[in-house]
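A.B. asks: Data: protein_3.tsv, TSV, C-alpha atoms.
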```
chain	number	residue	atom	x	y	z
R	1	MET	CA	0.00	0.00	0.00
R	2	ASN	CA	1.14	3.53	-0.74
R	3	PRO	CA	2.76	4.93	2.46
R	4	ALA	CA	0.80	8.16	1.95
R	5	ASN	CA	-2.45	6.18	2.05
R	6	ILE	CA	-1.39	4.48	5.29
R	7	ASP	CA	-0.61	7.86	6.83
R	8	ASN	CA	-3.98	9.19	5.69
R	9	ILE	CA	-5.85	6.23	7.21
R	10	LEU	CA	-3.97	6.59	10.50
R	11	GLN	CA	-4.69	10.32	10.58
R	12	TRP	CA	-8.40	9.59	10.24
R	13	THR	CA	-8.15	6.97	12.99
R	14	LYS	CA	-6.56	9.54	15.30
R	15	ILE	CA	-9.26	12.10	14.47
R	16	TRP	CA	-12.12	9.72	15.31
R	17	LEU	CA	-10.39	8.55	18.49
R	18	GLY	CA	-9.85	12.16	19.51
R	19	LEU	CA	-13.49	13.01	18.89
R	20	PHE	CA	-14.54	10.08	21.08
R	21	PHE	CA	-12.64	11.42	24.08
R	22	CYS	CA	-13.80	14.98	23.36
R	23	SER	CA	-17.41	13.77	23.33
R	24	ARG	CA	-16.88	12.04	26.67
R	25	ALA	CA	-15.55	15.23	28.23
R	26	ALA	CA	-18.32	17.38	26.76
R	27	SER	CA	-21.12	14.95	27.61
R	28	SER	CA	-19.99	14.68	31.23
R	29	VAL	CA	-20.51	18.44	31.55
R	30	LEU	CA	-23.54	18.98	29.33
R	31	SER	CA	-25.72	15.91	29.86
R	32	LYS	CA	-27.31	14.78	33.14
R	33	THR	CA	-28.48	11.61	31.39
R	34	TYR	CA	-24.92	10.76	30.41
R	35	ARG	CA	-23.69	11.17	33.97
R	36	GLU	CA	-26.29	8.66	35.18
R	37	LEU	CA	-25.16	5.92	32.80
R	38	ASP	CA	-22.78	3.13	33.75
R	39	GLU	CA	-19.31	3.03	32.21
R	40	PRO	CA	-20.06	0.76	29.21
R	41	GLN	CA	-23.11	2.88	28.35
R	42	LYS	CA	-21.07	6.07	28.63
R	43	GLY	CA	-18.65	4.55	26.15
R	44	TYR	CA	-21.51	3.59	23.85
R	45	TRP	CA	-22.98	7.09	24.13
R	46	SER	CA	-19.73	8.71	23.01
R	47	ALA	CA	-19.08	6.10	20.32
R	48	SER	CA	-22.58	6.74	18.96
R	49	LEU	CA	-22.01	10.50	18.82
R	50	VAL	CA	-18.79	9.95	16.87
R	51	SER	CA	-20.60	7.40	14.70
R	52	ASN	CA	-23.16	10.06	13.77
R	53	LEU	CA	-20.45	12.57	12.87
R	54	HIS	CA	-18.64	9.99	10.77
R	55	ALA	CA	-21.85	8.88	9.04
R	56	CYS	CA	-22.70	12.41	7.94
R	57	TYR	CA	-19.18	13.22	6.80
R	58	VAL	CA	-18.43	10.00	4.93
R	59	PHE	CA	-21.86	10.16	3.27
R	60	MET	CA	-20.97	13.62	1.93
R	61	LEU	CA	-17.60	12.35	0.72
R	62	ALA	CA	-19.34	9.52	-1.17
R	63	VAL	CA	-21.86	11.90	-2.74
R	64	LYS	CA	-19.03	14.23	-3.76
R	65	ALA	CA	-17.12	11.37	-5.42
R	66	LEU	CA	-20.23	10.21	-7.28
R	67	ARG	CA	-21.11	13.74	-8.43
R	68	GLU	CA	-17.61	14.23	-9.77
R	69	THR	CA	-17.60	10.85	-11.52
R	70	PRO	CA	-21.19	9.67	-12.13
R	71	SER	CA	-19.87	6.90	-14.40
R	72	PHE	CA	-19.13	4.97	-11.18
R	73	LEU	CA	-22.79	3.94	-11.24
R	74	THR	CA	-22.73	2.47	-14.74
R	75	THR	CA	-19.16	1.49	-15.53
R	76	THR	CA	-18.11	-2.10	-16.14
R	77	ASN	CA	-14.55	-1.16	-15.17
R	78	PHE	CA	-13.73	-2.73	-11.80
R	79	GLN	CA	-10.48	-0.72	-11.69
R	80	LEU	CA	-12.14	2.72	-11.83
R	81	SER	CA	-11.05	4.94	-8.93
R	82	THR	CA	-10.55	8.64	-8.28
R	83	PRO	CA	-8.80	10.69	-5.58
R	84	ALA	CA	-12.24	11.56	-4.15
R	85	SER	CA	-13.33	7.92	-3.93
R	86	LEU	CA	-10.04	6.92	-2.29
R	87	GLU	CA	-10.36	9.74	0.23
R	88	CYS	CA	-13.82	8.47	1.13
R	89	SER	CA	-12.50	4.92	1.50
R	90	MET	CA	-9.61	5.99	3.72
R	91	CYS	CA	-11.87	8.08	5.95
R	92	PHE	CA	-14.22	5.12	6.32
R	93	LEU	CA	-11.42	2.67	7.05
R	94	GLY	CA	-9.86	5.01	9.61
R	95	TYR	CA	-13.16	5.26	11.45
R	96	ILE	CA	-13.70	1.49	11.47
R	97	GLY	CA	-10.23	1.03	12.94
R	98	SER	CA	-10.99	3.48	15.75
R	99	ASP	CA	-14.41	1.98	16.48
R	100	LEU	CA	-12.99	-1.55	16.47
R	101	PHE	CA	-10.75	-0.54	19.35
R	102	PHE	CA	-13.80	0.31	21.49
R	103	VAL	CA	-15.73	-2.76	20.36
R	104	LEU	CA	-12.85	-4.90	21.62
R	105	TRP	CA	-12.38	-2.79	24.75
R	106	TYR	CA	-16.01	-3.02	25.90
R	107	ASN	CA	-16.50	-6.47	24.42
R	108	LYS	CA	-19.76	-8.13	25.48
R	109	LYS	CA	-20.67	-5.15	27.66
R	110	TRP	CA	-22.05	-3.70	24.43
R	111	GLY	CA	-25.01	-5.44	22.83
R	112	GLY	CA	-24.62	-7.13	19.45
R	113	MET	CA	-20.87	-7.37	19.90
R	114	VAL	CA	-20.37	-10.51	17.77
R	115	ALA	CA	-22.21	-9.13	14.73
R	116	THR	CA	-20.48	-5.74	15.05
R	117	LEU	CA	-17.05	-7.34	15.43
R	118	THR	CA	-17.66	-9.51	12.36
R	119	HIS	CA	-18.82	-6.44	10.41
R	120	HIS	CA	-15.74	-4.41	11.35
R	121	ILE	CA	-13.23	-7.18	10.63
R	122	PHE	CA	-14.58	-7.78	7.14
R	123	ILE	CA	-14.63	-4.04	6.43
R	124	LEU	CA	-10.97	-3.83	7.43
R	125	ILE	CA	-10.19	-6.66	5.01
R	126	CYS	CA	-12.36	-5.48	2.14
R	127	TRP	CA	-11.64	-1.73	2.33
R	128	GLY	CA	-7.97	-2.49	2.83
R	129	LEU	CA	-8.03	-4.35	-0.49
R	130	PHE	CA	-10.01	-1.55	-2.17
R	131	ILE	CA	-7.32	0.93	-1.21
R	132	TYR	CA	-4.31	-1.36	-1.67
R	133	ASP	CA	-5.39	-2.60	-5.11
R	134	ASN	CA	-6.95	0.74	-6.09
R	135	ASN	CA	-10.13	-0.90	-7.38
R	136	GLY	CA	-13.74	-1.74	-6.45
R	137	GLN	CA	-14.42	1.87	-5.53
R	138	ILE	CA	-18.13	1.81	-6.41
R	139	PHE	CA	-18.60	-0.83	-3.72
R	140	ALA	CA	-16.69	1.30	-1.22
R	141	LEU	CA	-18.82	4.33	-2.12
R	142	VAL	CA	-22.11	2.45	-1.77
R	143	GLY	CA	-20.85	1.12	1.56
R	144	ALA	CA	-20.28	4.72	2.65
R	145	LEU	CA	-23.76	5.72	1.46
R	146	CYS	CA	-25.17	2.99	3.73
R	147	GLU	CA	-24.13	5.20	6.64
R	148	ALA	CA	-27.19	7.36	5.88
R	149	SER	CA	-29.19	5.07	8.16
R	150	THR	CA	-26.70	5.21	11.05
R	151	PRO	CA	-27.88	8.46	12.73
R	152	PHE	CA	-31.43	7.08	12.96
R	153	VAL	CA	-30.18	3.82	14.47
R	154	ASN	CA	-28.15	5.74	17.05
R	155	CYS	CA	-30.93	8.23	17.77
R	156	ARG	CA	-33.23	5.36	18.66
R	157	TRP	CA	-30.82	4.41	21.45
R	158	PHE	CA	-30.41	8.04	22.57
R	159	LEU	CA	-34.17	8.61	22.70
R	160	ASP	CA	-34.56	5.48	24.79
R	161	LYS	CA	-31.94	6.65	27.30
R	162	LEU	CA	-33.51	10.12	27.40
R	163	GLY	CA	-36.85	8.58	28.41
R	164	MET	CA	-38.56	9.48	25.13
R	165	LYS	CA	-39.54	5.99	24.04
R	166	LYS	CA	-43.24	6.90	24.17
R	167	SER	CA	-42.84	10.17	22.26
R	168	PRO	CA	-43.96	10.76	18.65
R	169	LEU	CA	-40.34	11.57	17.81
R	170	TYR	CA	-39.37	8.00	18.72
R	171	VAL	CA	-41.96	6.65	16.26
R	172	VAL	CA	-40.93	9.05	13.49
R	173	ASN	CA	-37.26	8.21	14.02
R	174	GLY	CA	-38.11	4.50	13.93
R	175	LEU	CA	-39.89	4.85	10.60
R	176	ALA	CA	-37.00	6.89	9.17
R	177	MET	CA	-34.55	4.27	10.45
R	178	SER	CA	-36.51	1.43	8.84
R	179	PHE	CA	-36.89	3.21	5.51
R	180	SER	CA	-33.27	4.39	5.26
R	181	PHE	CA	-31.91	1.02	6.34
R	182	PHE	CA	-33.99	-0.78	3.72
R	183	VAL	CA	-33.12	1.63	0.89
R	184	PHE	CA	-29.42	2.06	1.54
R	185	ARG	CA	-28.39	-1.19	3.19
R	186	VAL	CA	-30.74	-3.86	1.88
R	187	VAL	CA	-31.43	-2.53	-1.62
R	188	GLY	CA	-27.95	-0.99	-1.80
R	189	PHE	CA	-26.18	-4.25	-0.99
R	190	LEU	CA	-28.33	-6.25	-3.40
R	191	TRP	CA	-27.69	-3.65	-6.11
R	192	MET	CA	-23.94	-4.06	-5.51
R	193	GLY	CA	-24.36	-7.70	-6.50
R	194	THR	CA	-25.64	-6.60	-9.91
R	195	ARG	CA	-22.63	-4.31	-10.34
R	196	LEU	CA	-20.30	-7.14	-9.40
R	197	VAL	CA	-21.81	-9.19	-12.21
R	198	ALA	CA	-21.47	-6.24	-14.61
R	199	GLN	CA	-17.80	-5.84	-13.66
R	200	ARG	CA	-17.07	-9.57	-13.69
R	201	GLU	CA	-14.38	-9.31	-16.38
R	202	GLY	CA	-12.16	-7.07	-14.26
R	203	PHE	CA	-13.08	-9.01	-11.13
R	204	ALA	CA	-12.04	-12.30	-12.74
R	205	ALA	CA	-8.59	-10.83	-13.44
R	206	LEU	CA	-7.88	-10.36	-9.73
R	207	PRO	CA	-5.55	-12.68	-7.83
R	208	ILE	CA	-7.52	-15.62	-6.44
R	209	HIS	CA	-7.03	-14.58	-2.81
R	210	SER	CA	-8.42	-11.09	-3.51
R	211	SER	CA	-11.49	-12.38	-5.35
R	212	VAL	CA	-12.23	-14.90	-2.59
R	213	LEU	CA	-11.93	-12.24	0.11
R	214	TYR	CA	-14.13	-9.83	-1.85
R	215	LEU	CA	-16.83	-12.46	-2.37
R	216	LEU	CA	-16.66	-13.58	1.25
R	217	SER	CA	-16.88	-9.98	2.47
R	218	TYR	CA	-19.84	-9.27	0.20
R	219	GLY	CA	-21.63	-12.42	1.38
R	220	VAL	CA	-21.04	-11.68	5.06
R	221	GLY	CA	-21.97	-8.02	4.62
R	222	THR	CA	-25.22	-8.80	2.84
R	223	THR	CA	-26.13	-11.42	5.44
R	224	LEU	CA	-25.52	-8.95	8.27
R	225	GLN	CA	-27.64	-6.26	6.61
R	226	LEU	CA	-30.53	-8.69	6.13
R	227	PHE	CA	-30.14	-9.94	9.71
R	228	TRP	CA	-30.20	-6.42	11.15
R	229	PHE	CA	-33.10	-5.36	8.95
R	230	SER	CA	-35.15	-8.37	10.03
R	231	LYS	CA	-34.74	-7.21	13.63
R	232	ILE	CA	-35.69	-3.65	12.66
R	233	ALA	CA	-38.75	-4.86	10.74
R	234	LYS	CA	-39.92	-6.98	13.67
R	235	GLY	CA	-39.52	-4.03	16.02
R	236	MET	CA	-41.41	-1.73	13.66
R	237	MET	CA	-44.28	-4.20	13.27
R	238	LYS	CA	-44.47	-4.57	17.04
R	239	ALA	CA	-44.50	-0.78	17.51
R	240	LEU	CA	-47.34	-0.49	14.98
R	241	GLY	CA	-49.35	-3.14	16.79
R	242	TYR	CA	-48.68	-6.09	14.51
R	243	GLY	CA	-46.89	-9.35	15.15
R	244	GLY	CA	-47.46	-9.44	18.89
R	245	LYS	CA	-48.71	-12.43	20.81
R	246	PRO	CA	-52.48	-12.76	20.61
R	247	VAL	CA	-54.34	-11.91	23.81
R	248	LYS	CA	-56.37	-14.77	25.16
R	249	LYS	CA	-59.98	-14.00	25.90
R	250	SER	CA	-61.23	-14.92	29.32
R	251	ASP	CA	-64.21	-17.24	29.53
```
Spell out the structure here as structure tokens.

C.D. replies:
Amino acid sequence: MNPANIDNILQWTKIWLGLFFCSRAASSVLSKTYRELDEPQKGYWSASLVSNLHACYVFMLAVKALRETPSFLTTTNFQLSTPASLECSMCFLGYIGSDLFFVLWYNKKWGGMVATLTHHIFILICWGLFIYDNNGQIFALVGALCEASTPFVNCRWFLDKLGMKKSPLYVVNGLAMSFSFFVFRVVGFLWMGTRLVAQREGFAALPIHSSVLYLLSYGVGTTLQLFWFSKIAKGMMKALGYGGKPVKKSD
């Protein structure tokens, strides 16, 4: 990998780590709710704030790259990449590296640790290859666009901790979370499969280890998105009054 790219990734990792500790310091002063949380939840609170910042920023980087080079969406060239797409990929990879540190630190004290750990490990592998081989950038960009759903997922947790689970805002956020997750993560990942087929000629020219890792990462990623969306859909149906256990009538 280009040493400059490694430096760029590490710089992003330092930025996201720094923002985590800044959010901890600020939240301890500004939020009474934060101060009442236990240590793992305080860590999750700060990680979620940083996650929201990253999601918004990397989404804008992906949109910028696609606006500059709209042919990303239609090309059959697996090798197509631009400085803007690589910058987006490096920002994303730097964030995942920083978040992985906290996932490992808090371990099972955070819910869904196994799925999150699996997700992060395969992103490190796949995005590392995207940057190292300078290819597959449309898949990296769509992966960044998937972050559009992240603020709604995090806000659901924040609203719960703020005691707003019964508020209309909680319902609206839940609907926005479900819709954005389905559009960007479920449809987006399935659409990536069609682009992989369209770019099969360039993909077939890759070294065997790269192609296997790409396919494995895509399979695991798609499975995780479907798994998470199934949980979201069940929660939404329950919130709307469907799918619950039937109430037995008394004689």

A.B. asks: Within 12 Å of Val187 in chain R, counting all atoms listed in the file, which residues qualify if same-chain residues fewer than 3 places away don't, as JSON, numbers by chain?

C.D. replies: {"R": [142, 143, 145, 146, 179, 180, 181, 182, 183, 184, 190, 191, 192, 193, 194, 222, 225, 226, 229]}

A.B. asks: Find the residue from R:Thr150, R:Phe102, R:Asn134, R:Phe158 that sits nearest to Ser51 in chain R; use all atoms listed in the file when measuring.

C.D. replies: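 Going through R:Thr150, R:Phe102, R:Asn134, R:Phe158 one by one, the smallest distance to Ser51 in chain R is for R:Thr150.
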
A.B. asks: Rounded to one decimal, what separation in Å do you get between CA of Ala62 in chain R and CA of Phe101 in chain R?

C.D. replies: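 Atom-to-atom, CA of Ala62 in chain R to CA of Phe101 in chain R, that is 24.4 Å.
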
A.B. asks: Please produce, as a Markdown table, a per-residue contact table for range 113-156 of chain R versus range 54-57 of chain R (criterion: any atom at most 8 Å away, all atoms listed in the file considered), showing the nearest atom pair and its distance in Å to one decimal, sorted by chain then residue number.

C.D. replies:
```
| residue | atom | partner | partner_atom | distance |
| --- | --- | --- | --- | --- |
| R:Ala144 | CA | R:Ala55 | CA | 7.8 |
| R:Glu147 | CA | R:Ala55 | CA | 4.9 |
| R:Ala148 | CA | R:Ala55 | CA | 6.4 |
| R:Thr150 | CA | R:Ala55 | CA | 6.4 |
| R:Pro151 | CA | R:Ala55 | CA | 7.1 |
```

A.B. asks: Just give me the gap between CA of Ser98 in chain R and CA of Tyr132 in chain R in Å, one decimal is fine.

C.D. replies: 19.3 Å

A.B. asks: Please list as an mmCIF file with C-alpha atoms, keeping the file's coordinate frame every residue within 7 Å of Arg156 in chain R, counting all atoms listed in the file and excluding residues in the same chain fewer than 2 positions away.

C.D. replies:
```
data_model
loop_
_atom_site.group_PDB
_atom_site.id
_atom_site.type_symbol
_atom_site.label_atom_id
_atom_site.label_comp_id
_atom_site.auth_asym_id
_atom_site.auth_seq_id
_atom_site.Cartn_x
_atom_site.Cartn_y
_atom_site.Cartn_z
ATOM 1 C CA PHE R 152 -31.430 7.080 12.960
ATOM 2 C CA VAL R 153 -30.180 3.820 14.470
ATOM 3 C CA ASN R 154 -28.150 5.740 17.050
ATOM 4 C CA PHE R 158 -30.410 8.040 22.570
ATOM 5 C CA LEU R 159 -34.170 8.610 22.700
ATOM 6 C CA ASP R 160 -34.560 5.480 24.790
ATOM 7 C CA TYR R 170 -39.370 8.000 18.720
ATOM 8 C CA ASN R 173 -37.260 8.210 14.020
ATOM 9 C CA GLY R 174 -38.110 4.500 13.930
#
```

A.B. asks: Set the distance at 10 Å and use all atoms listed in the file: which residues neighbour Thr69 in chain R once local chain neighbours fewer than 6 positions away are removed? I'd like the list as JSON, numbers by chain.

C.D. replies: {"R": [63, 80, 81, 82, 84, 85]}

A.B. asks: For Gly235 in chain R, work out the shell of residues within 12 Å, counting only C-alpha atoms and skipping chain neighbours fewer than 2 positions away, then give it as a list in words.

C.D. replies: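 Here the qualifying residues turn out to be Arg156, Val171, Gly174, Leu175, Met177, Ser178, Trp228, Phe229, Ser230, Lys231, Ile232, Ala233, Met237, Lys238, Ala239, Leu240, Gly241, Tyr242, Gly243 and Gly244 of chain R.
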
A.B. asks: Excluding same-chain residues fewer than 3 positions from Ile121 in chain R, what lies within 10 Å of it counting all atoms listed in the file, as a CSV table (one decimal) with C-alpha atoms, in the coordinates of the input?

C.D. replies:
```
chain,number,residue,atom,x,y,z
R,96,ILE,CA,-13.7,1.5,11.5
R,97,GLY,CA,-10.2,1.0,12.9
R,100,LEU,CA,-13.0,-1.6,16.5
R,116,THR,CA,-20.5,-5.7,15.0
R,117,LEU,CA,-17.0,-7.3,15.4
R,118,THR,CA,-17.7,-9.5,12.4
R,124,LEU,CA,-11.0,-3.8,7.4
R,125,ILE,CA,-10.2,-6.7,5.0
R,126,CYS,CA,-12.4,-5.5,2.1
R,217,SER,CA,-16.9,-10.0,2.5
```

A.B. asks: So, with only C-alpha atoms as the atoms that count, which of R:Ile6, R:Leu49, R:Lys166, R:Val197 lies closest to Ser23 in chain R?

C.D. replies: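 Answer, going by the shortest atom-to-atom distance: R:Leu49.
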
A.B. asks: Please compute the CA of Thr13 in chain R-CA of Gly128 in chain R distance, one decimal, in Å.

C.D. replies: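 Computed distance, CA of Thr13 in chain R to CA of Gly128 in chain R, equals 13.9 Å.
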
A.B. asks: Determine, using only C-alpha atoms, which residues of range 187-241 of chain R have any atom at most 8 Å from an atom of range 72-78 of chain R, and tabulate each with its shortest atom pair and distance in Å to one decimal place, rows ordered by chain and then rising number, as CSV.

C.D. replies:
```
residue,atom,partner,partner_atom,distance
R:Arg195,CA,R:Thr76,CA,7.7
R:Ala198,CA,R:Thr76,CA,5.5
R:Gln199,CA,R:Thr76,CA,4.5
R:Arg200,CA,R:Phe78,CA,7.8
R:Gly202,CA,R:Phe78,CA,5.2
R:Phe203,CA,R:Phe78,CA,6.3
```

A.B. asks: Using all atoms listed in the file, pick whichever of R:Lys109, R:Lys42, R:Lys14, R:His209 has the shortest atom-to-atom distance to Ser27 in chain R.

C.D. replies: R:Lys42

A.B. asks: In terms of the shortest atom-to-atom distance over only C-alpha atoms, which of R:Gly163, R:Pro83, R:Pro207, R:Gly112 is closest to Leu61 in chain R?

C.D. replies: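 Checking each of R:Gly163, R:Pro83, R:Pro207, R:Gly112 against Leu61 in chain R, counting only C-alpha atoms, the winner is R:Pro83.
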
A.B. asks: Emit as lines of an AutoDock Vina configuration file the padded axis-aligned box for all listed atoms of range 83-91 of chain R, 3 Å per side, with centre and edge lengths in Å to one decimal.

C.D. replies:
```
center_x = -11.3
center_y = 8.2
center_z = 0.2
size_x = 11.0
size_y = 12.6
size_z = 17.5
```

A.B. asks: In file coordinates, which residues lie within 9 Å of (-13.2, 3.7, 5.6) using only C-alpha atoms, given as a list in words?

C.D. replies: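 Within the cut-off we find Ile9, Trp12, Val58, Glu87, Cys88, Ser89, Met90, Cys91, Phe92, Leu93, Gly94, Tyr95, Ile96, Gly97, Ile123, Leu124, Trp127, Gly128, Ala140 and Ala144 of chain R.
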
A.B. asks: When distances are computed from all atoms listed in the file, which of R:Phe130, R:Tyr44, R:Phe21, R:Trp16 shows the smallest separation from Trp157 in chain R?

C.D. replies: R:Tyr44

A.B. asks: So, counting only C-alpha atoms, which residue among R:Leu129, R:Met236, R:Leu224, R:Leu10 is closest to Val114 in chain R?

C.D. replies: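 Checking each candidate against Val114 in chain R, we get R:Leu224 as the closest.
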